[in-house]
>>> print(open('run-v2.txt').read())   # compact mmCIF, C-alpha atoms
# COMPACT_ATOMS: atom_id res chain seq x y z
CA MET A 1 -38.73 93.11 147.61
CA ARG A 2 -39.61 95.09 150.75
CA THR A 3 -43.37 94.90 150.36
CA PRO A 4 -45.47 93.23 153.11
CA TYR A 5 -46.41 90.49 150.61
CA VAL A 6 -42.79 89.49 150.06
CA PHE A 7 -42.12 89.61 153.80
CA ILE A 8 -45.03 87.26 154.38
CA LEU A 9 -43.77 84.86 151.72
CA MET A 10 -40.33 84.75 153.29
CA SER A 11 -41.78 84.21 156.74
CA MET A 12 -43.83 81.32 155.39
CA LEU A 13 -40.75 79.70 153.92
CA LEU A 14 -38.34 80.13 156.81
CA ALA A 15 -40.64 78.55 159.35
CA GLY A 16 -42.79 76.28 157.23
CA CYS A 17 -45.52 78.69 156.06
CA GLY A 18 -45.45 80.57 159.37
CA SER A 19 -43.16 83.15 160.91
CA SER A 20 -40.27 82.01 163.06
CA GLY A 21 -41.08 83.72 166.33
CA ALA A 22 -41.52 81.77 169.55
CA THR A 23 -44.98 80.54 170.46
CA THR A 24 -46.72 79.41 173.61
CA GLY A 25 -48.38 76.07 174.07
CA SER A 26 -45.92 74.08 171.94
CA HIS A 27 -43.82 71.41 173.59
CA ALA A 28 -40.17 71.77 172.76
CA PHE A 29 -36.79 70.53 173.84
CA GLU A 30 -34.17 73.20 174.35
CA ARG A 31 -30.46 72.53 174.33
CA GLN A 32 -28.54 74.85 176.62
CA PRO A 33 -25.06 75.95 175.49
CA ASN A 34 -22.46 73.23 176.05
CA ALA A 35 -25.12 70.83 177.33
CA PRO A 36 -25.75 67.40 175.76
CA LEU A 37 -28.88 67.08 173.67
CA THR A 38 -31.65 65.10 175.36
CA LEU A 39 -35.01 64.29 173.82
CA ASP A 40 -36.81 62.73 176.80
CA ALA A 41 -39.23 65.56 177.61
CA PRO A 42 -43.02 65.41 178.11
CA LEU A 43 -45.41 65.95 175.21
CA ASP A 44 -48.95 67.22 175.37
CA PRO A 45 -51.56 64.44 175.72
CA TYR A 46 -53.01 64.93 172.23
CA THR A 47 -49.60 64.66 170.57
CA VAL A 48 -48.70 61.58 172.63
CA GLU A 49 -51.96 59.86 171.72
CA LYS A 50 -51.65 60.62 168.01
CA LEU A 51 -47.96 59.74 167.91
CA ASN A 52 -48.57 56.38 169.57
CA ALA A 53 -51.55 55.62 167.34
CA ILE A 54 -49.51 56.23 164.17
CA LEU A 55 -46.51 54.28 165.47
CA HIS A 56 -48.83 51.40 166.39
CA GLU A 57 -49.81 51.09 162.71
CA ARG A 58 -46.24 51.28 161.40
CA PRO A 59 -45.64 47.47 161.37
CA ASN A 60 -48.51 47.16 158.89
CA TYR A 61 -46.63 49.37 156.41
CA ARG A 62 -43.43 47.34 156.17
CA LEU A 63 -44.12 46.01 152.68
CA LEU A 64 -45.23 49.36 151.29
CA SER A 65 -43.08 51.81 149.37
CA ALA A 66 -41.86 54.99 151.05
CA GLY A 67 -44.45 56.98 149.11
CA GLN A 68 -47.32 54.69 150.08
CA GLN A 69 -46.30 54.99 153.72
CA ILE A 70 -46.26 58.77 153.40
CA GLY A 71 -49.77 58.63 151.94
CA LEU A 72 -51.12 56.68 154.90
CA ILE A 73 -49.29 58.64 157.58
CA SER A 74 -50.19 62.01 156.07
CA GLU A 75 -53.85 60.95 155.96
CA ALA A 76 -53.86 60.69 159.75
CA PHE A 77 -53.39 64.47 159.93
CA LEU A 78 -56.28 65.47 157.64
CA GLY A 79 -58.38 68.10 159.37
CA THR A 80 -55.61 69.16 161.74
CA PRO A 81 -55.83 72.94 162.28
CA TYR A 82 -53.35 75.17 160.49
CA ALA A 83 -51.06 76.94 162.94
CA ALA A 84 -48.26 79.34 162.09
CA ASN A 85 -45.35 80.31 164.35
CA LYS A 86 -44.71 76.74 165.45
CA LEU A 87 -40.92 76.60 165.28
CA GLN A 88 -39.02 78.19 168.14
CA GLY A 89 -35.59 79.77 167.89
CA SER A 90 -33.78 82.61 166.18
CA LEU A 91 -30.34 84.11 165.83
CA SER A 92 -30.69 85.53 169.34
CA THR A 93 -32.69 82.83 171.15
CA PRO A 94 -31.85 79.13 171.61
CA GLU A 95 -33.30 76.76 169.03
CA GLN A 96 -35.83 74.26 170.35
CA LEU A 97 -37.06 71.00 168.87
CA VAL A 98 -40.80 71.53 168.60
CA VAL A 99 -43.17 68.54 168.62
CA ASP A 100 -46.82 69.52 168.57
CA PHE A 101 -49.45 67.71 166.50
CA ARG A 102 -52.29 70.01 167.59
CA GLY A 103 -51.53 72.47 164.80
CA LEU A 104 -49.34 72.33 161.69
CA ASP A 105 -47.88 74.66 159.12
CA CYS A 106 -46.97 73.40 155.68
CA PHE A 107 -43.36 72.49 156.41
CA THR A 108 -43.69 71.07 159.93
CA TYR A 109 -46.33 68.79 158.40
CA LEU A 110 -43.71 67.39 156.02
CA ASP A 111 -41.18 67.12 158.86
CA TYR A 112 -43.50 65.08 161.06
CA VAL A 113 -44.70 62.73 158.35
CA GLU A 114 -41.19 61.99 157.06
CA ALA A 115 -39.84 61.44 160.58
CA LEU A 116 -42.76 59.13 161.42
CA ARG A 117 -42.13 57.13 158.26
CA GLN A 118 -38.64 56.34 159.51
CA SER A 119 -39.66 55.47 163.07
CA ALA A 120 -40.82 52.46 165.04
CA ALA A 121 -40.95 54.03 168.51
CA GLN A 122 -41.04 57.43 170.21
CA PRO A 123 -37.26 57.74 170.70
CA ASP A 124 -36.76 56.91 167.01
CA PHE A 125 -39.21 59.63 166.06
CA MET A 126 -37.40 62.29 168.08
CA LYS A 127 -34.05 61.40 166.54
CA ASN A 128 -35.47 61.22 163.03
CA LEU A 129 -37.28 64.53 163.41
CA LEU A 130 -34.01 66.12 164.50
CA ARG A 131 -32.09 64.89 161.46
CA THR A 132 -34.98 65.66 159.10
CA ARG A 133 -35.43 69.25 160.27
CA TYR A 134 -31.77 70.13 160.88
CA VAL A 135 -28.62 69.70 158.80
CA ASP A 136 -26.70 66.75 160.29
CA GLY A 137 -29.07 66.75 163.27
CA ASP A 138 -27.54 69.91 164.74
CA LEU A 139 -30.21 71.63 166.85
CA ASP A 140 -29.35 75.19 165.90
CA PHE A 141 -31.24 77.96 164.12
CA LEU A 142 -28.54 78.28 161.45
CA SER A 143 -28.63 74.50 160.87
CA ARG A 144 -32.38 74.43 160.38
CA LYS A 145 -33.34 73.43 156.83
CA HIS A 146 -34.83 76.80 156.02
CA PHE A 147 -35.27 75.99 152.33
CA TYR A 148 -37.33 73.18 150.85
CA THR A 149 -34.54 72.03 148.52
CA ASP A 150 -32.26 71.60 151.54
CA TRP A 151 -33.95 68.21 151.89
CA ALA A 152 -32.19 67.07 148.73
CA TYR A 153 -28.95 69.04 148.84
CA SER A 154 -27.86 69.89 152.41
CA GLY A 155 -25.95 67.79 154.93
CA THR A 156 -24.88 64.17 154.96
CA TYR A 157 -28.43 62.92 155.59
CA LYS A 158 -30.76 63.86 152.76
CA PRO A 159 -34.29 62.49 153.19
CA ALA A 160 -35.25 63.09 149.56
CA GLN A 161 -33.90 63.35 146.05
CA ASP A 162 -34.74 66.03 143.52
CA ILE A 163 -36.48 64.31 140.61
CA THR A 164 -38.04 67.37 138.97
CA ALA A 165 -36.00 67.08 135.78
CA GLN A 166 -36.99 63.41 135.42
CA ILE A 167 -40.69 64.22 135.56
CA SER A 168 -40.90 66.56 132.58
CA ALA A 169 -38.81 67.44 129.54
CA HIS A 170 -40.11 70.98 130.02
CA ALA A 171 -38.42 71.42 133.39
CA VAL A 172 -36.62 74.76 133.72
CA ARG A 173 -33.38 75.41 135.61
CA ARG A 174 -32.84 78.64 137.50
CA GLU A 175 -29.72 79.73 139.36
CA LYS A 176 -30.64 80.93 142.83
CA ARG A 177 -28.70 82.57 145.64
CA LEU A 178 -30.82 81.34 148.50
CA ASN A 179 -31.21 83.81 151.36
CA GLN A 180 -30.08 86.77 149.23
CA LYS A 181 -32.64 89.44 148.36
CA ALA A 182 -32.69 91.23 145.03
CA ASP A 183 -30.99 94.24 146.63
CA GLY A 184 -28.08 92.10 147.83
CA SER A 185 -29.03 92.03 151.51
CA THR A 186 -30.02 88.79 153.24
CA TYR A 187 -33.29 87.57 154.69
CA LEU A 188 -31.48 85.95 157.62
CA PRO A 189 -28.29 87.76 158.65
CA GLY A 190 -25.68 85.22 159.64
CA LEU A 191 -27.11 82.47 157.45
CA PRO A 192 -24.78 81.90 154.48
CA VAL A 193 -26.01 82.61 150.98
CA VAL A 194 -26.22 79.32 149.09
CA GLN A 195 -25.75 79.12 145.33
CA ARG A 196 -28.14 76.45 144.05
CA THR A 197 -29.69 75.42 140.77
CA VAL A 198 -33.43 75.09 141.32
CA THR A 199 -35.32 73.07 138.73
CA TYR A 200 -39.07 73.45 138.38
CA ILE A 201 -41.86 72.45 136.01
CA PRO A 202 -43.83 75.51 134.83
CA ALA A 203 -47.53 75.27 135.55
CA GLY A 204 -48.39 75.33 131.86
CA PHE A 205 -46.64 72.00 131.34
CA ILE A 206 -48.18 70.15 134.29
CA ASP A 207 -50.52 67.76 132.52
CA LYS A 208 -51.65 64.13 132.65
CA LYS A 209 -48.23 62.97 131.46
CA VAL A 210 -46.62 64.67 134.46
CA ILE A 211 -49.30 63.27 136.77
CA ASN A 212 -48.57 59.75 135.53
CA ARG A 213 -44.89 60.16 136.41
CA LEU A 214 -45.53 61.39 139.93
CA HIS A 215 -45.61 58.84 142.73
CA GLU A 216 -47.80 58.65 145.78
CA GLY A 217 -46.20 60.65 148.57
CA ASP A 218 -43.92 62.79 146.40
CA PHE A 219 -43.05 66.09 148.04
CA ILE A 220 -44.33 69.07 146.06
CA GLY A 221 -42.90 72.56 146.43
CA ILE A 222 -44.58 75.57 144.83
CA TYR A 223 -41.78 77.35 142.97
CA THR A 224 -41.28 81.10 143.31
CA PRO A 225 -39.34 83.42 140.98
CA LEU A 226 -38.57 85.72 143.92
CA ALA A 227 -34.87 86.30 144.54
CA GLY A 228 -33.39 84.27 147.38
CA LEU A 229 -36.24 81.78 147.69
CA ASP A 230 -36.95 78.38 146.16
CA VAL A 231 -40.61 77.72 147.07
CA THR A 232 -43.42 79.39 148.99
CA HIS A 233 -45.54 76.36 149.93
CA VAL A 234 -45.17 72.59 150.20
CA GLY A 235 -47.34 69.50 150.36
CA PHE A 236 -47.70 65.88 149.28
CA PHE A 237 -48.86 64.45 145.96
CA ILE A 238 -51.61 61.95 146.76
CA MET A 239 -53.83 59.96 144.41
CA THR A 240 -57.39 59.58 145.71
CA ASP A 241 -60.64 58.11 144.40
CA LYS A 242 -61.51 61.64 143.27
CA GLY A 243 -58.23 62.13 141.46
CA PRO A 244 -54.82 63.59 142.31
CA VAL A 245 -54.60 66.06 145.18
CA LEU A 246 -52.07 68.25 146.92
CA ARG A 247 -52.35 67.27 150.58
CA ASN A 248 -51.22 70.33 152.48
CA ALA A 249 -51.54 72.41 155.61
CA SER A 250 -53.48 75.28 154.11
CA SER A 251 -53.41 78.81 155.50
CA HIS A 252 -56.20 79.95 153.15
CA SER A 253 -59.04 81.63 155.00
CA GLY A 254 -61.53 79.07 153.74
CA SER A 255 -59.50 76.12 154.99
CA GLN A 256 -57.09 76.81 157.86
CA LYS A 257 -56.38 73.09 158.23
CA VAL A 258 -54.79 70.10 156.53
CA VAL A 259 -56.78 69.48 153.35
CA ASP A 260 -56.70 67.67 150.02
CA SER A 261 -56.70 70.31 147.27
CA PRO A 262 -57.40 69.21 143.66
CA PHE A 263 -53.87 68.99 142.27
CA LEU A 264 -54.21 70.33 138.74
CA THR A 265 -56.50 73.17 139.81
CA TYR A 266 -54.13 74.17 142.58
CA VAL A 267 -50.89 74.16 140.58
CA ALA A 268 -52.49 75.87 137.57
CA ASN A 269 -52.49 79.09 139.57
CA THR A 270 -48.81 78.88 140.56
CA PRO A 271 -45.49 79.45 138.76
CA GLY A 272 -44.82 75.70 138.85
CA ILE A 273 -43.59 72.85 141.04
CA VAL A 274 -40.37 71.42 142.43
CA VAL A 275 -40.65 67.66 143.02
CA LEU A 276 -38.68 65.75 145.64
CA ARG A 277 -39.07 62.03 146.29
CA ALA A 278 -38.48 60.27 149.60
CA LYS A 279 -35.64 57.77 149.66
CA GLU A 280 -36.57 54.17 150.36
>>> encode(input="run-v2.txt", output="structure tokens")
Amino acid sequence: MRTPYVFILMSMLLAGCGSSGATTGSHAFERQPNAPLTLDAPLDPYTVEKLNAILHERPNYRLLSAGQQIGLISEAFLGTPYAANKLQGSLSTPEQLVVDFRGLDCFTYLDYVEALRQSAAQPDFMKNLLRTRYVDGDLDFLSRKHFYTDWAYSGTYKPAQDITAQISAHAVRREKRLNQKADGSTYLPGLPVVQRTVTYIPAGFIDKKVINRLHEGDFIGIYTPLAGLDVTHVGFFIMTDKGPVLRNASSHSGSQKVVDSPFLTYVANTPGIVVLRAKE
């Protein structure tokens, strides 16, 4: 559990497929101790332009399902460069609300798309991003949804529901102590260990029947058997003219951007998937 490979996997998870150190060039909103949270800070021109363009199209999506909206919004980010180290904050430095569309990691991609789906204007987006990324909208490192399944199980606002068991009769349940390594120590000191049942569909049982039960825009997590973790990568299930794909911010050397990866080919080489579905 102390190999560089495992460290990289944990870093990917805790900050959305990138490590959690501070970065330069990202626009963020920092809350000072005992100061009220404000979200009216400048964004870089590219992010402003893209944010406004997506919000401008939102009225056209009113009659679409949540998943269909996710499909359209996520499409707007295809080709966006992959960028790790986007989230800012740690146990020793103040947490900041990062908003930067110029580069995405796998989890910030999900954050942005889900927050945009809920929003009609810029102020709405900021508020929705806050409650999507943080438990009960509390801008704090320890309140950040460090684990994919937090979206379905943590806080009063849960943007998604865990439907993995409904998708396949072959779904497997595993008891996890999230944040606890195999040796009993923790990945993030100070962050409580959470006992959670994680349900996943093994790759060998992901077939056309499973595909037919998935919906456009479903959130897909790549399950890991590693102690203390639930998934190592996330993306969206999207049906295209060329078949089903995993739309994801890929860190692979041949991609390094948001891409559509053939779904069945991609998941065949993984332990399996955890499926969450956005709430209407």
>>> residues_around(input="run-v2.txt", residues="Phe77 (chain A)", least_positions_apart="3", cutoff="7 Å", atoms="all atoms listed in the file", output="list in words")
Ser74, Thr80 and Val258 of chain A
>>> residues_near_point(input="run-v2.txt", point="(-34.6, 72.2, 156.7)", cutoff="7 Å", atoms="only C-alpha atoms", output="list in words")
Thr132, Arg133, Tyr134, Val135, Arg144, Lys145, His146, Phe147, Tyr148, Asp150 and Trp151 of chain A
>>> residues_around(input="run-v2.txt", residues="region 108-111 of chain A", least_positions_apart="6", cutoff="8 Å", atoms="all atoms listed in the file", output="JSON list (two decimals) with C-alpha atoms, in the frame of the given file")
[["chain", "number", "residue", "atom", "x", "y", "z"],
["A", 16, "GLY", "CA", -42.79, 76.28, 157.23],
["A", 86, "LYS", "CA", -44.71, 76.74, 165.45],
["A", 129, "LEU", "CA", -37.28, 64.53, 163.41],
["A", 132, "THR", "CA", -34.98, 65.66, 159.10],
["A", 133, "ARG", "CA", -35.43, 69.25, 160.27],
["A", 234, "VAL", "CA", -45.17, 72.59, 150.20],
["A", 235, "GLY", "CA", -47.34, 69.50, 150.36],
["A", 236, "PHE", "CA", -47.70, 65.88, 149.28],
["A", 248, "ASN", "CA", -51.22, 70.33, 152.48],
["A", 249, "ALA", "CA", -51.54, 72.41, 155.61]]
>>> closest_residue(input="run-v2.txt", among="A:Gly103, A:Gly190, A:Gly254, A:Gly272", to="Tyr82 (chain A)", atoms="all atoms listed in the file")
A:Gly103
>>> residues_around(input="run-v2.txt", residues="His56 (chain A)", least_positions_apart="4", cutoff="9 Å", atoms="only C-alpha atoms", output="list in words")
Leu51, Asn52, Asn60, Ala120 and Ala121 of chain A
>>> write_last_selection(input="run-v2.txt", atoms="C-alpha atoms", output="compact mmCIF listing (two decimals), in the frame of the given file")
# COMPACT_ATOMS: atom_id res chain seq x y z
CA LEU A 51 -47.96 59.74 167.91
CA ASN A 52 -48.57 56.38 169.57
CA ASN A 60 -48.51 47.16 158.89
CA ALA A 120 -40.82 52.46 165.04
CA ALA A 121 -40.95 54.03 168.51
>>> closest_atom_pairs(input="run-v2.txt", of="region 83-142 of chain A", to="region 191-206 of chain A", cutoff="10 Å", atoms="only C-alpha atoms", output="Markdown table")
| residue | atom | partner | partner_atom | distance |
| --- | --- | --- | --- | --- |
| A:Leu91 | CA | A:Leu191 | CA | 9.1 |
| A:Phe141 | CA | A:Leu191 | CA | 9.0 |
| A:Leu142 | CA | A:Leu191 | CA | 6.0 |
>>> closest_residue(input="run-v2.txt", among="A:Cys106, A:Leu188, A:Ala66, A:Leu264", to="Asp207 (chain A)", atoms="all atoms listed in the file")
A:Leu264
>>> residues_around(input="run-v2.txt", residues="Gly184 (chain A)", least_positions_apart="5", cutoff="12 Å", atoms="all atoms listed in the file", output="PyMOL selection string")
chain A and resi 1+177-179+189+193+227-228
>>> closest_residue(input="run-v2.txt", among="A:Ser65, A:Gln96, A:Gln122, A:Gln88", to="Ala278 (chain A)", atoms="all atoms listed in the file")
A:Ser65
>>> closest_residue(input="run-v2.txt", among="A:Asp140, A:Pro225, A:Leu63, A:Leu78", to="Thr93 (chain A)", atoms="all atoms listed in the file")
A:Asp140
>>> closest_residue(input="run-v2.txt", among="A:Arg117, A:Lys209, A:Lys50, A:Lys181", to="Gly71 (chain A)", atoms="only C-alpha atoms")
A:Arg117
>>> build_atoms(input="run-v2.txt", residues="region 172-204 of chain A", atoms="N, CA and C atoms", output="compact mmCIF listing (two decimals), in the frame of the given file")
# COMPACT_ATOMS: atom_id res chain seq x y z
N VAL A 172 -37.46 73.57 133.90
CA VAL A 172 -36.62 74.76 133.72
C VAL A 172 -35.65 74.87 134.89
N ARG A 173 -34.40 75.22 134.57
CA ARG A 173 -33.38 75.41 135.61
C ARG A 173 -33.17 76.90 135.85
N ARG A 174 -33.10 77.25 137.13
CA ARG A 174 -32.84 78.64 137.50
C ARG A 174 -31.74 78.68 138.57
N GLU A 175 -30.77 79.56 138.36
CA GLU A 175 -29.72 79.73 139.36
C GLU A 175 -30.26 80.64 140.47
N LYS A 176 -30.14 80.17 141.69
CA LYS A 176 -30.64 80.93 142.83
C LYS A 176 -29.52 81.15 143.84
N ARG A 177 -29.56 82.29 144.49
CA ARG A 177 -28.70 82.57 145.64
C ARG A 177 -29.62 82.63 146.85
N LEU A 178 -29.85 81.45 147.43
CA LEU A 178 -30.82 81.34 148.50
C LEU A 178 -30.41 82.16 149.71
N ASN A 179 -31.35 82.90 150.22
CA ASN A 179 -31.21 83.81 151.36
C ASN A 179 -30.80 85.21 150.95
N GLN A 180 -30.50 85.43 149.67
CA GLN A 180 -30.08 86.77 149.23
C GLN A 180 -31.23 87.47 148.50
N LYS A 181 -31.59 88.64 148.99
CA LYS A 181 -32.64 89.44 148.36
C LYS A 181 -32.14 90.05 147.06
N ALA A 182 -33.05 90.60 146.30
CA ALA A 182 -32.69 91.23 145.03
C ALA A 182 -31.76 92.42 145.23
N ASP A 183 -31.85 93.08 146.39
CA ASP A 183 -30.99 94.24 146.63
C ASP A 183 -29.63 93.87 147.21
N GLY A 184 -29.36 92.56 147.34
CA GLY A 184 -28.08 92.10 147.83
C GLY A 184 -28.02 91.84 149.32
N SER A 185 -28.99 92.32 150.08
CA SER A 185 -29.03 92.03 151.51
C SER A 185 -29.58 90.61 151.72
N THR A 186 -29.57 90.15 152.96
CA THR A 186 -30.02 88.79 153.24
C THR A 186 -31.30 88.80 154.06
N TYR A 187 -32.09 87.74 153.89
CA TYR A 187 -33.29 87.57 154.69
C TYR A 187 -32.92 87.24 156.13
N LEU A 188 -31.92 86.37 156.30
CA LEU A 188 -31.48 85.95 157.62
C LEU A 188 -30.01 86.30 157.80
N PRO A 189 -29.70 87.42 158.42
CA PRO A 189 -28.29 87.76 158.65
C PRO A 189 -27.59 86.66 159.44
N GLY A 190 -26.42 86.29 158.99
CA GLY A 190 -25.68 85.22 159.64
C GLY A 190 -25.83 83.88 158.95
N LEU A 191 -26.93 83.70 158.22
CA LEU A 191 -27.11 82.47 157.45
C LEU A 191 -26.42 82.64 156.11
N PRO A 192 -25.51 81.74 155.74
CA PRO A 192 -24.78 81.90 154.48
C PRO A 192 -25.71 81.91 153.27
N VAL A 193 -25.32 82.65 152.27
CA VAL A 193 -26.01 82.61 150.98
C VAL A 193 -25.56 81.35 150.26
N VAL A 194 -26.51 80.59 149.75
CA VAL A 194 -26.22 79.32 149.09
C VAL A 194 -26.54 79.42 147.60
N GLN A 195 -25.54 79.17 146.77
CA GLN A 195 -25.75 79.12 145.33
C GLN A 195 -26.33 77.76 144.98
N ARG A 196 -27.51 77.73 144.36
CA ARG A 196 -28.14 76.45 144.05
C ARG A 196 -28.94 76.56 142.76
N THR A 197 -28.85 75.51 141.96
CA THR A 197 -29.69 75.42 140.77
C THR A 197 -31.03 74.82 141.17
N VAL A 198 -32.09 75.57 140.98
CA VAL A 198 -33.43 75.09 141.32
C VAL A 198 -34.15 74.76 140.02
N THR A 199 -34.60 73.53 139.92
CA THR A 199 -35.32 73.07 138.73
C THR A 199 -36.80 72.98 139.04
N TYR A 200 -37.62 73.51 138.15
CA TYR A 200 -39.07 73.45 138.38
C TYR A 200 -39.79 73.19 137.06
N ILE A 201 -41.00 72.68 137.17
CA ILE A 201 -41.86 72.45 136.01
C ILE A 201 -42.88 73.57 135.96
N PRO A 202 -42.85 74.41 134.92
CA PRO A 202 -43.83 75.51 134.83
C PRO A 202 -45.25 74.97 134.82
N ALA A 203 -46.14 75.72 135.42
CA ALA A 203 -47.53 75.27 135.55
C ALA A 203 -48.17 74.90 134.22
N GLY A 204 -47.80 75.60 133.16
CA GLY A 204 -48.39 75.33 131.86
C GLY A 204 -48.06 73.97 131.28
